[in-house]
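Report on one structure; see the data block that follows.
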Amino acid sequence: MSIWEFANPRNFMRISGRMLPWFAALAVLTLATGLIWGFFFTPDDYKQGATVKILFIHVPAAMMAINAWIMMLVTSLIWVIRRHHVSALAARAAAPAGLTFTLIALVTGALWGQPMWNTWWEWDPRLTSFLILCLFYLGYIALWSAIEDPEAAADLTGILCIVGSVFAVLSRYAVKFWNQGLHQDSTILKVGEEDPLDVAYYVPLVISIVGFVFFFIVIVLLRTRMLIRARRLIALEARERVG
Amino acid sequence: MIALLLRDLTLAFRAGGGFGLGLAFFLLVAVLVPLGVGPESGILAIIAPGILWVGALLASLLSLDRIFALDHEDGSLDLLATAPLPLEGVVAIKALAHWLVTGLALTLVAPLLAVLLNLPAAGYPWLLLSLAVGTPALSVIGAFGATLTIGLRRGGLLLSLLVLPLYVPTLVFGAEVARRGAAGMALATPLALLAAITAGSLALLPFAAAAAIRVNLR
Amino acid sequence: MPDLGNYAFAVLAAWGATLVLMGFLLALTLVQARRARYALALAEERIAARVQPKAAEGA
């Protein structure tokens, strides 16, 4: 089975429809396990107290925010190079999910930063990069909804996604550079993420990451199916007007 | 190619071409910021490089939608696409024209506005240099963004949303050069990176922009 | 319910915001999916209804 079988929307609809309940069940199972374990059955950190519980949503959301963009880049490339229609729609379907994850990462980061760093917002390289990523998602979604011709919209957003990826990476390094330039002698306490994690946190964290991945897959499948139906509706209406 | 450049320049200088508009906008930013921040020259001196860079960026953003939209409306873009000149060349020339009427002009008036903002004397050459090196990137990136929104009636706002995130690296390194120059610090690294971004954008983005134009004319 | 100590607000707000955002995304997706399916079914029915009489006339 290759991805080219999915280039036929009918095949995609059939197989994705069959797979969707399984993915949904897996998403519910892993998300529930990871999150309940993380929230109720993890000890407080000696340094950060109960705020360590934010870890189980902050880190998966941040990872998925980036992974969603990478997935959009790959699917856009497949569309631009080989005109794989479902791939273009999958890229479009992933954008709102990526935006949501970015917002979650930003909000939970701010809420975590308030007690830990004594500030809601710090122009820390990571936070700034995520804010910029958020802007990229907004622009991408806005461009999709602005262009009426579906083929042209897929092409132009594909180009934007590819060029945007390059600039997103550049921005990441630019922002790192810029912040070091500003705070040469102040070091910000980097919470949790780089510390060697205790097994007590590690296992539920991995489970909730897996849960977020399945949640993302379910959302993308649902949205892609929705977009395929919408596309088919447009085609039917066009045929109706002609015939 | 030269004929196209001359044509674009003439159009820009004619009435409604928006040549003066960008400069006036730049001037207004430089006047409004002290009014908003307060007249303390110490604070102004610190933020001057950043303000001038943001002002230049916004001023060049202002005229982006004119690069292709007008040509698309009156059909000359179709003519250019069928002309023997490659579309990538058309994009490059149009970006060059945009830079000559905004970027270059902004660079030249920036020192005057820097006086208003109390920029330390050491900062002037670096401000000029950073703008001269960085604004071509703004024009090329902007031209690319403009090609994405050619077909849209009211693409102006969307264009800013698309282009501003792409401007981030240029702004960061450009303002960093100017800021370090004003503070008398070493600035070879950000200057090199700024030049790298400009060179990279100049080399690669015309291809992406030409692809976007072809999609729009299909 | 674990004892969250001084950080109850931060933890609960973060979790609440996350669940609200993810719930919103899921609900939006489901509503949009249902609407798309409904609209498509309607259009297909309409076309089938229009094609059938023609076929009957031909026969």
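Residue numbers start at 1 in each chain; chains themselves are named A, B, ... in the order of the structure tokens; ligands are numbered from 1 in the order shown.
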Report as a compact mmCIF listing (two decimals) with all heavy atoms, in the first residue's frame the set of chain A residues whose atoms approach chain C to within 9 Å, with distances computed over only C-alpha atoms.
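As written to disk, selection_13.txt reads:
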# COMPACT_ATOMS: atom_id res chain seq x y z
N PHE A 39 -2.04 13.96 35.97
CA PHE A 39 -2.66 14.94 36.87
C PHE A 39 -2.81 14.40 38.28
O PHE A 39 -2.54 15.12 39.25
CB PHE A 39 -4.04 15.33 36.31
CG PHE A 39 -4.63 16.51 37.02
CD1 PHE A 39 -4.21 17.79 36.69
CD2 PHE A 39 -5.57 16.34 38.01
CE1 PHE A 39 -4.74 18.89 37.35
CE2 PHE A 39 -6.10 17.45 38.67
CZ PHE A 39 -5.69 18.72 38.34
N PHE A 40 -3.21 13.14 38.40
CA PHE A 40 -3.56 12.65 39.74
C PHE A 40 -2.44 11.86 40.42
O PHE A 40 -2.34 11.85 41.62
CB PHE A 40 -4.81 11.76 39.66
CG PHE A 40 -6.04 12.54 39.34
CD1 PHE A 40 -6.60 12.51 38.07
CD2 PHE A 40 -6.65 13.33 40.31
CE1 PHE A 40 -7.72 13.25 37.77
CE2 PHE A 40 -7.79 14.07 40.01
CZ PHE A 40 -8.32 14.02 38.74
N PHE A 41 -1.62 11.17 39.63
CA PHE A 41 -0.73 10.20 40.27
C PHE A 41 0.74 10.53 40.09
O PHE A 41 1.56 9.63 40.02
CB PHE A 41 -1.03 8.79 39.72
CG PHE A 41 -2.47 8.41 39.90
CD1 PHE A 41 -3.33 8.35 38.82
CD2 PHE A 41 -2.97 8.18 41.17
CE1 PHE A 41 -4.66 8.02 39.00
CE2 PHE A 41 -4.29 7.86 41.36
CZ PHE A 41 -5.14 7.78 40.27
N ASP A 44 4.78 15.85 43.47
CA ASP A 44 5.20 17.23 43.20
C ASP A 44 6.72 17.26 43.08
O ASP A 44 7.42 16.49 43.72
CB ASP A 44 4.78 18.13 44.37
CG ASP A 44 3.29 18.38 44.35
OD1 ASP A 44 2.64 17.91 43.40
OD2 ASP A 44 2.79 19.00 45.29
N GLY A 49 7.17 22.28 42.73
CA GLY A 49 5.89 21.97 43.35
C GLY A 49 4.92 21.37 42.36
O GLY A 49 5.30 20.62 41.46
N ALA A 50 3.67 21.78 42.50
CA ALA A 50 2.62 21.17 41.70
C ALA A 50 2.65 21.63 40.25
O ALA A 50 2.03 21.01 39.39
CB ALA A 50 1.25 21.47 42.31
N THR A 51 3.38 22.72 39.95
CA THR A 51 3.34 23.23 38.57
C THR A 51 3.90 22.21 37.60
O THR A 51 3.68 22.33 36.41
CB THR A 51 4.15 24.52 38.42
OG1 THR A 51 5.45 24.29 38.90
CG2 THR A 51 3.50 25.66 39.14
N VAL A 52 4.63 21.23 38.11
CA VAL A 52 5.21 20.24 37.22
C VAL A 52 4.11 19.50 36.46
O VAL A 52 4.34 18.91 35.40
CB VAL A 52 6.11 19.28 38.01
CG1 VAL A 52 5.27 18.28 38.80
CG2 VAL A 52 7.07 18.56 37.11
N LYS A 53 2.89 19.54 36.97
CA LYS A 53 1.78 18.86 36.29
C LYS A 53 1.46 19.51 34.95
O LYS A 53 0.83 18.89 34.10
CB LYS A 53 0.54 18.86 37.18
CG LYS A 53 0.71 18.03 38.44
CD LYS A 53 -0.59 17.86 39.14
CE LYS A 53 -0.40 17.30 40.54
NZ LYS A 53 0.31 16.03 40.54
N ILE A 54 1.87 20.77 34.77
CA ILE A 54 1.62 21.43 33.49
C ILE A 54 2.46 20.76 32.39
O ILE A 54 2.10 20.79 31.22
CB ILE A 54 1.92 22.94 33.60
CG1 ILE A 54 1.01 23.56 34.65
CG2 ILE A 54 1.73 23.65 32.28
CD1 ILE A 54 1.26 25.02 34.89
N ILE A 57 0.86 18.61 29.59
CA ILE A 57 0.14 19.18 28.45
C ILE A 57 1.03 20.14 27.66
O ILE A 57 0.91 20.24 26.45
CB ILE A 57 -1.15 19.91 28.90
CG1 ILE A 57 -0.85 20.78 30.10
CG2 ILE A 57 -2.24 18.92 29.20
CD1 ILE A 57 -2.04 21.55 30.58
N HIS A 58 1.93 20.81 28.39
CA HIS A 58 2.75 21.83 27.73
C HIS A 58 3.70 21.20 26.71
O HIS A 58 3.76 21.63 25.56
CB HIS A 58 3.53 22.59 28.80
CG HIS A 58 4.41 23.67 28.27
ND1 HIS A 58 3.91 24.83 27.73
CD2 HIS A 58 5.75 23.77 28.17
CE1 HIS A 58 4.90 25.58 27.34
NE2 HIS A 58 6.04 24.96 27.58
N ALA A 61 1.95 19.49 23.63
CA ALA A 61 1.37 20.51 22.75
C ALA A 61 2.46 21.21 21.96
O ALA A 61 2.33 21.44 20.75
CB ALA A 61 0.57 21.51 23.57
N PRO A 96 -5.38 24.15 11.41
CA PRO A 96 -6.07 24.57 12.63
C PRO A 96 -5.62 23.78 13.85
O PRO A 96 -5.53 24.35 14.95
CB PRO A 96 -7.55 24.29 12.32
CG PRO A 96 -7.63 24.21 10.86
CD PRO A 96 -6.32 23.68 10.39
N ALA A 97 -5.31 22.49 13.65
CA ALA A 97 -4.82 21.70 14.77
C ALA A 97 -3.48 22.25 15.26
O ALA A 97 -3.26 22.42 16.46
CB ALA A 97 -4.67 20.23 14.36
N THR A 100 -4.01 25.38 17.18
CA THR A 100 -4.52 25.11 18.54
C THR A 100 -3.39 24.67 19.46
O THR A 100 -3.28 25.14 20.59
CB THR A 100 -5.59 24.01 18.47
OG1 THR A 100 -6.56 24.37 17.49
CG2 THR A 100 -6.27 23.84 19.81
N PHE A 101 -2.53 23.76 18.97
CA PHE A 101 -1.43 23.29 19.81
C PHE A 101 -0.49 24.43 20.15
O PHE A 101 0.02 24.53 21.26
CB PHE A 101 -0.66 22.16 19.11
CG PHE A 101 -1.43 20.87 19.02
CD1 PHE A 101 -1.51 20.17 17.84
CD2 PHE A 101 -2.09 20.37 20.14
CE1 PHE A 101 -2.22 18.98 17.77
CE2 PHE A 101 -2.80 19.19 20.07
CZ PHE A 101 -2.87 18.49 18.88
N LEU A 103 -1.28 27.58 20.43
CA LEU A 103 -1.94 28.41 21.45
C LEU A 103 -1.86 27.73 22.82
O LEU A 103 -1.58 28.39 23.83
CB LEU A 103 -3.40 28.65 21.07
CG LEU A 103 -3.62 29.62 19.92
CD1 LEU A 103 -5.10 29.73 19.60
CD2 LEU A 103 -3.07 30.99 20.29
N ILE A 104 -2.08 26.41 22.84
CA ILE A 104 -2.01 25.70 24.13
C ILE A 104 -0.61 25.85 24.72
O ILE A 104 -0.45 26.16 25.90
CB ILE A 104 -2.33 24.20 23.93
CG1 ILE A 104 -3.82 24.03 23.59
CG2 ILE A 104 -2.01 23.42 25.19
CD1 ILE A 104 -4.20 22.61 23.27
N ALA A 105 0.41 25.66 23.86
CA ALA A 105 1.77 25.75 24.36
C ALA A 105 2.04 27.15 24.91
O ALA A 105 2.66 27.32 25.97
CB ALA A 105 2.76 25.42 23.24
N VAL A 107 -0.23 29.43 26.04
CA VAL A 107 -1.02 29.75 27.23
C VAL A 107 -0.48 29.00 28.45
O VAL A 107 -0.25 29.60 29.51
CB VAL A 107 -2.50 29.40 26.98
CG1 VAL A 107 -3.29 29.49 28.27
CG2 VAL A 107 -3.09 30.31 25.94
N THR A 108 -0.24 27.68 28.27
CA THR A 108 0.26 26.94 29.42
C THR A 108 1.65 27.43 29.80
O THR A 108 2.00 27.46 30.98
CB THR A 108 0.32 25.43 29.12
OG1 THR A 108 1.09 25.24 27.93
CG2 THR A 108 -1.05 24.85 28.91
N GLY A 109 2.43 27.83 28.80
CA GLY A 109 3.75 28.36 29.10
C GLY A 109 3.67 29.62 29.93
O GLY A 109 4.40 29.79 30.92
N ALA A 110 2.74 30.51 29.57
CA ALA A 110 2.57 31.75 30.32
C ALA A 110 2.12 31.45 31.74
O ALA A 110 2.63 32.01 32.72
CB ALA A 110 1.56 32.66 29.62
N LEU A 111 1.17 30.51 31.86
CA LEU A 111 0.66 30.19 33.20
C LEU A 111 1.72 29.51 34.06
O LEU A 111 1.73 29.65 35.27
CB LEU A 111 -0.57 29.28 33.06
CG LEU A 111 -1.83 29.99 32.60
CD1 LEU A 111 -2.86 29.00 32.14
CD2 LEU A 111 -2.39 30.86 33.71
N TRP A 112 2.60 28.77 33.40
CA TRP A 112 3.68 28.12 34.12
C TRP A 112 4.77 29.13 34.48
O TRP A 112 5.36 29.09 35.56
CB TRP A 112 4.26 27.01 33.25
CG TRP A 112 5.04 25.99 33.97
CD1 TRP A 112 5.38 26.01 35.30
CD2 TRP A 112 5.57 24.78 33.44
NE1 TRP A 112 6.09 24.89 35.61
CE2 TRP A 112 6.22 24.11 34.51
CE3 TRP A 112 5.57 24.19 32.18
CZ2 TRP A 112 6.87 22.89 34.32
CZ3 TRP A 112 6.21 22.98 32.01
CH2 TRP A 112 6.86 22.33 33.08
N GLN A 114 4.46 32.23 35.09
CA GLN A 114 4.09 33.22 36.10
C GLN A 114 4.62 32.83 37.48
O GLN A 114 5.34 33.62 38.11
CB GLN A 114 2.57 33.40 36.08
CG GLN A 114 2.13 34.78 36.53
CD GLN A 114 2.20 34.93 38.02
OE1 GLN A 114 1.89 34.01 38.75
NE2 GLN A 114 2.64 36.10 38.47
N PRO A 115 4.31 31.64 38.02
CA PRO A 115 4.86 31.31 39.34
C PRO A 115 6.36 30.99 39.31
O PRO A 115 7.05 31.23 40.27
CB PRO A 115 4.05 30.09 39.78
CG PRO A 115 3.51 29.51 38.54
CD PRO A 115 3.34 30.63 37.57
N ILE A 219 -8.01 14.40 14.35
CA ILE A 219 -8.47 15.71 13.87
C ILE A 219 -8.16 15.86 12.38
O ILE A 219 -9.00 16.29 11.58
CB ILE A 219 -7.80 16.85 14.67
CG1 ILE A 219 -8.29 16.84 16.11
CG2 ILE A 219 -8.07 18.20 14.02
CD1 ILE A 219 -9.68 17.34 16.30
N LEU A 222 -10.47 13.65 10.28
CA LEU A 222 -11.81 14.21 10.23
C LEU A 222 -11.87 15.43 9.31
O LEU A 222 -12.77 15.56 8.47
CB LEU A 222 -12.25 14.62 11.64
CG LEU A 222 -12.81 13.52 12.54
CD1 LEU A 222 -12.99 14.05 13.95
CD2 LEU A 222 -14.15 13.05 11.99
N ARG A 223 -10.88 16.31 9.47
CA ARG A 223 -10.92 17.54 8.68
C ARG A 223 -10.65 17.26 7.21
O ARG A 223 -11.24 17.89 6.34
CB ARG A 223 -9.90 18.55 9.22
CG ARG A 223 -10.18 19.04 10.62
CD ARG A 223 -9.37 20.28 10.93
NE ARG A 223 -9.97 21.45 10.29
CZ ARG A 223 -10.94 22.15 10.86
NH1 ARG A 223 -11.39 21.84 12.04
NH2 ARG A 223 -11.44 23.20 10.23
N ARG A 225 -11.43 14.54 5.60
CA ARG A 225 -12.67 13.99 5.05
C ARG A 225 -13.69 15.10 4.82
O ARG A 225 -14.39 15.13 3.80
CB ARG A 225 -13.23 12.94 6.01
CG ARG A 225 -12.43 11.65 6.00
CD ARG A 225 -12.77 10.78 7.20
NE ARG A 225 -14.14 10.29 7.16
CZ ARG A 225 -14.55 9.26 6.43
NH1 ARG A 225 -13.68 8.63 5.67
NH2 ARG A 225 -15.80 8.87 6.45
N MET A 226 -13.75 16.02 5.78
CA MET A 226 -14.66 17.15 5.63
C MET A 226 -14.31 17.97 4.37
O MET A 226 -15.20 18.33 3.58
CB MET A 226 -14.56 18.02 6.89
CG MET A 226 -15.45 19.20 6.95
SD MET A 226 -14.59 20.71 6.56
CE MET A 226 -13.58 20.93 8.01
N LEU A 227 -13.02 18.21 4.18
CA LEU A 227 -12.61 19.03 3.04
C LEU A 227 -12.86 18.31 1.72
O LEU A 227 -13.23 18.94 0.72
CB LEU A 227 -11.12 19.40 3.17
CG LEU A 227 -10.81 20.36 4.31
CD1 LEU A 227 -9.31 20.46 4.53
CD2 LEU A 227 -11.39 21.73 4.01
N ILE A 228 -12.65 16.98 1.72
CA ILE A 228 -12.92 16.23 0.48
C ILE A 228 -14.40 16.33 0.13
O ILE A 228 -14.77 16.55 -1.03
CB ILE A 228 -12.50 14.76 0.65
CG1 ILE A 228 -10.98 14.66 0.70
CG2 ILE A 228 -13.03 13.90 -0.49
CD1 ILE A 228 -10.48 13.26 0.96
N ARG A 229 -15.25 16.18 1.15
CA ARG A 229 -16.69 16.30 0.89
C ARG A 229 -17.04 17.68 0.37
O ARG A 229 -17.84 17.83 -0.56
CB ARG A 229 -17.46 15.99 2.17
CG ARG A 229 -17.38 14.52 2.56
CD ARG A 229 -18.53 14.15 3.45
NE ARG A 229 -18.62 12.70 3.58
CZ ARG A 229 -18.25 12.04 4.67
NH1 ARG A 229 -17.77 12.70 5.71
NH2 ARG A 229 -18.37 10.74 4.72
N ALA A 230 -16.43 18.70 0.99
CA ALA A 230 -16.72 20.07 0.55
C ALA A 230 -16.29 20.26 -0.91
O ALA A 230 -17.00 20.87 -1.71
CB ALA A 230 -16.01 21.06 1.46
N ARG A 232 -16.06 17.92 -3.18
CA ARG A 232 -16.96 17.17 -4.03
C ARG A 232 -18.28 17.91 -4.22
O ARG A 232 -18.86 17.92 -5.32
CB ARG A 232 -17.22 15.80 -3.40
CG ARG A 232 -18.04 14.90 -4.27
CD ARG A 232 -17.93 13.45 -3.89
NE ARG A 232 -19.13 12.73 -4.32
CZ ARG A 232 -19.43 12.52 -5.59
NH1 ARG A 232 -18.62 12.92 -6.54
NH2 ARG A 232 -20.55 11.89 -5.92
N LEU A 233 -18.71 18.58 -3.14
CA LEU A 233 -19.93 19.36 -3.23
C LEU A 233 -19.78 20.46 -4.28
O LEU A 233 -20.66 20.67 -5.12
CB LEU A 233 -20.26 19.97 -1.87
CG LEU A 233 -21.52 20.81 -1.81
CD1 LEU A 233 -22.72 19.94 -2.07
CD2 LEU A 233 -21.65 21.50 -0.47
N LEU A 236 -19.96 18.90 -7.68
CA LEU A 236 -21.34 18.52 -8.03
C LEU A 236 -22.15 19.74 -8.44
O LEU A 236 -22.88 19.72 -9.44
CB LEU A 236 -22.00 17.84 -6.83
CG LEU A 236 -21.68 16.37 -6.62
CD1 LEU A 236 -22.44 15.85 -5.42
CD2 LEU A 236 -22.02 15.57 -7.85
N GLU A 237 -22.01 20.82 -7.65
CA GLU A 237 -22.79 22.01 -7.96
C GLU A 237 -22.39 22.60 -9.30
O GLU A 237 -23.24 23.08 -10.05
CB GLU A 237 -22.64 23.04 -6.84
CG GLU A 237 -23.55 22.73 -5.66
CD GLU A 237 -23.29 23.64 -4.49
OE1 GLU A 237 -22.25 24.33 -4.47
OE2 GLU A 237 -24.13 23.66 -3.57
N GLU A 240 -23.95 20.58 -11.89
CA GLU A 240 -25.39 20.84 -11.93
C GLU A 240 -25.69 22.08 -12.77
O GLU A 240 -26.63 22.10 -13.55
CB GLU A 240 -25.89 21.06 -10.51
CG GLU A 240 -27.20 20.39 -10.22
CD GLU A 240 -27.54 20.54 -8.75
OE1 GLU A 240 -26.79 21.20 -8.01
OE2 GLU A 240 -28.56 20.01 -8.36
Proximal residues of chain A relative to chain B (only C-alpha atoms; 12 Å) as a ChimeraX atom specification: /A:80,128-182
Surrounding residues of B:Leu58 excluding itself and chain neighbours under 3 positions, 10 Å, only C-alpha atoms, as a ChimeraX atom specification: /B:22,25-26,29,52-55,61-63,138,160,164
Using N, CA and C atoms, can you write the selected residues to a file as a PDB file, in the first residue's frame?
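So result_29.pdb came out as:
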ATOM      1  N   GLY B  22       5.616  56.253   1.275  1.00  0.00           N
ATOM      2  CA  GLY B  22       6.448  55.469   2.178  1.00  0.00           C
ATOM      3  C   GLY B  22       7.345  56.360   3.024  1.00  0.00           C
ATOM      4  N   PHE B  25       5.390  58.175   5.612  1.00  0.00           N
ATOM      5  CA  PHE B  25       5.036  57.255   6.687  1.00  0.00           C
ATOM      6  C   PHE B  25       6.222  57.053   7.631  1.00  0.00           C
ATOM      7  N   PHE B  26       7.389  56.881   7.046  1.00  0.00           N
ATOM      8  CA  PHE B  26       8.615  56.711   7.823  1.00  0.00           C
ATOM      9  C   PHE B  26       8.837  57.924   8.731  1.00  0.00           C
ATOM     10  N   VAL B  29       6.392  57.902  11.645  1.00  0.00           N
ATOM     11  CA  VAL B  29       6.768  56.973  12.715  1.00  0.00           C
ATOM     12  C   VAL B  29       7.815  57.619  13.606  1.00  0.00           C
ATOM     13  N   LEU B  52      13.760  52.931  14.023  1.00  0.00           N
ATOM     14  CA  LEU B  52      14.019  53.234  12.612  1.00  0.00           C
ATOM     15  C   LEU B  52      13.870  51.978  11.761  1.00  0.00           C
ATOM     16  N   TRP B  53      14.304  50.834  12.301  1.00  0.00           N
ATOM     17  CA  TRP B  53      14.179  49.603  11.513  1.00  0.00           C
ATOM     18  C   TRP B  53      12.724  49.187  11.352  1.00  0.00           C
ATOM     19  N   VAL B  54      11.973  49.269  12.458  1.00  0.00           N
ATOM     20  CA  VAL B  54      10.557  48.906  12.352  1.00  0.00           C
ATOM     21  C   VAL B  54       9.846  49.873  11.413  1.00  0.00           C
ATOM     22  N   GLY B  55      10.194  51.160  11.525  1.00  0.00           N
ATOM     23  CA  GLY B  55       9.578  52.153  10.644  1.00  0.00           C
ATOM     24  C   GLY B  55       9.875  51.850   9.182  1.00  0.00           C
ATOM     25  N   LEU B  61       6.441  47.872   3.656  1.00  0.00           N
ATOM     26  CA  LEU B  61       5.248  47.031   3.588  1.00  0.00           C
ATOM     27  C   LEU B  61       4.098  47.761   2.909  1.00  0.00           C
ATOM     28  N   LEU B  62       4.078  49.081   3.136  1.00  0.00           N
ATOM     29  CA  LEU B  62       2.947  49.900   2.705  1.00  0.00           C
ATOM     30  C   LEU B  62       2.706  49.833   1.202  1.00  0.00           C
ATOM     31  N   SER B  63       3.785  49.767   0.437  1.00  0.00           N
ATOM     32  CA  SER B  63       3.612  49.856  -1.009  1.00  0.00           C
ATOM     33  C   SER B  63       3.726  48.498  -1.701  1.00  0.00           C
ATOM     34  N   LEU B 138      13.937  42.973   2.308  1.00  0.00           N
ATOM     35  CA  LEU B 138      12.538  43.326   2.564  1.00  0.00           C
ATOM     36  C   LEU B 138      11.768  43.414   1.247  1.00  0.00           C
ATOM     37  N   SER B 160      -0.017  41.754   4.571  1.00  0.00           N
ATOM     38  CA  SER B 160       0.797  42.086   5.747  1.00  0.00           C
ATOM     39  C   SER B 160       0.911  40.895   6.677  1.00  0.00           C
ATOM     40  N   LEU B 164       4.764  39.789   7.271  1.00  0.00           N
ATOM     41  CA  LEU B 164       5.423  40.207   8.514  1.00  0.00           C
ATOM     42  C   LEU B 164       6.200  39.068   9.196  1.00  0.00           C
TER      43      LEU B 164
END
Which of chain A fall in helix (DSSP H, G or I), as a VMD selection string: chain A and resid 3 to 7 9 to 40 50 to 82 85 to 117 125 to 146 150 to 182 199 to 242
Surrounding residues of B:Val31 excluding itself and chain neighbours under 4 positions, 12 Å, only C-alpha atoms, as a list in words: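 Here the qualifying residues turn out to be Ala24, Phe25, Phe26, Leu27, Leu35, Gly36, Val37, Gly38, Pro39, Leu44, Ala48, Ile51, Leu52, Gly55, Leu112, Leu113, Ala114, Val115, Leu116 and Leu117 of chain B.
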Long-range neighbours of A:Phe6 as a ChimeraX atom specification, 12 Å cut-off, only C-alpha atoms, 2 positions minimum in chain: /A:1-4,8-16,84-90,224-225,228
Gap from atom CA of A:Ser208 to atom CA of A:Trp117 - Å, one decimal: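 Rounded to one decimal, the two atoms are 25.2 Å apart.
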